[in-house]
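Some notes on the structure that comes next.
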Amino acid sequence: EVQLVESGGGLVQPGRSMKLSCAASGFTFSNYGMAWVRQAPTKGLEWVATISYDGSSTYYRDSVKGRFTISRDNAKSTLYLQMNSLRSEDTATYYCTRGSYWGQGVMVTVSS
Amino acid sequence: DVVLTQTPPTLSATIGQSVSISCRSSQSLLHSNGNTYLHWLLQRPGQSPQLLIYLVSRLESGVPNRFSGSGSGTDFTLKISGVEAEDLGVYYCVQGTHALTFGSGTKLEIK
């Protein structure tokens with residue numbers, strides 16, 4: 001059974017950093033590109049970043065470029081999102097997704 | 001950036017009624033490799049999104065065949081032939097031809 005389990009969320013002050021993890025199981029992680037998608041409270045879905053199957057290519061939405069870094073460890077079947085210089089508008093539930101599979105999401109709240 | 005415009009924003013249906021949701025793209029979603037990366041998701045209340053339809057019209061495994069997708073280029077439609085109570089939630093179209101963009105969502109309510 002495919003599972004994607006996010007962790008690392010919580011409350012963080014503006015300007016600080018946070019790192020999200022997504023542990024994958026039930027499929028060959030190293031064969032798939034992965035993405036982070038977020039959803040602000042009561043809002044729609046918003047793509048954040050994508051990484052290729054081998055980590056050689058990464059893509060970001062403009063509003064997080066230079067602040068967020070997507071990465072992966074194929075040996076550990078884990079996806080990461082390093083978030084720096086966090087802003088209140090980054091407050092959202094963050095989902096790890098393989099497209100056809102989604103994690104349960106992890107909440108990130110940026111507030112003083 | 002590609003913009004996906006979904007209509008209607010809300011939809012109210014009775015059980016058994018057939019409904020359609022439109023998704024229009026600001027650019028053609030036909031990729032140079034011949035695929036059209038337009039998919040449909042359903043997010044039930046309090047849950048993560050789930051994939052219903054991929055590549056315009058292909059039904060994801062385990063999804064009931066009352067769901068169908070059609071379209072090409074910039075105009076796409078999701079149809080539910082005979083709404084059931086479990087279909088309530090927010091439907092999103094999403095394109096992966098030009099980076100990744102989501103539509104604004106269509107909330108399906110059951111009368």
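If you're wondering about the labels, chains in the structure tokens are A, B, ... by order shown, residues count from 1 in each chain, ligands from 1 in order shown.
In this structure, the chain B residues at most 10 Å away from chain A are His39, Leu41, Gln43, Gly46, Gln47, Ser48, Pro49, Gln50, Leu51, Leu52, Ile53, Tyr54, Glu60, Ser61, Val90, Tyr92, Val94, Gly96, Ala99, Leu100, Thr101, Phe102, Gly103, Ser104, Gly105 and Thr106 of chain B, with only C-alpha atoms considered.
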Compile the contact shell of range 110-112 of chain A as a count of residues only: residues with an atom at most 12 Å away, counting only C-alpha atoms, same-chain residues fewer than 2 positions apart removed. 24
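Across the structure, CA of Thr78 in chain A and CA of Cys96 in chain A are spaced 10.2 Å apart.
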Quick one, how far is CA of Asp87 in chain B from CA of Glu109 in chain B? 8.5 Å
Extract the full set of strand (DSSP E) residues from chain A according to DSSP on the backbone, and format it as a ChimeraX atom specification. /A:3-7,10-12,18-25,34-39,45-51,58-60,68-73,78-83,92-97,106-110
Check the smallest atom-to-atom distance from each of B:Val56, B:Cys23, B:Leu88, B:Val83 to Leu42 in chain B using only C-alpha atoms, then report the winner. B:Leu88
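Near Ser57 in chain A, within a cut-off of 10 Å and counting only C-alpha atoms, sit the residues A:Gly33, A:Thr50, A:Ile51, A:Ser52, A:Tyr53, A:Asp54, A:Ile70, A:Ser71, with same-chain residues fewer than 3 positions away left out.
In this structure, CA of Glu1 in chain A sits 26.4 Å away from CA of Ala85 in chain B.
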Compile the contact shell of Ser20 in chain B as number ranges by chain: residues with an atom at most 8 Å away, counting only C-alpha atoms, same-chain residues fewer than 4 positions apart removed. B: 77-80
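Residue nearest Arg67 in chain A, chosen from A:Val106, A:Val5, A:Leu81, A:Met34 and counting only C-alpha atoms: A:Leu81.
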Neighbours of range 73-76 of chain A within 10 Å (only C-alpha atoms; same-chain residues fewer than 5 positions away dropped), as a VMD selection string? chain A and resid 23 to 25 28 to 31 53 to 55
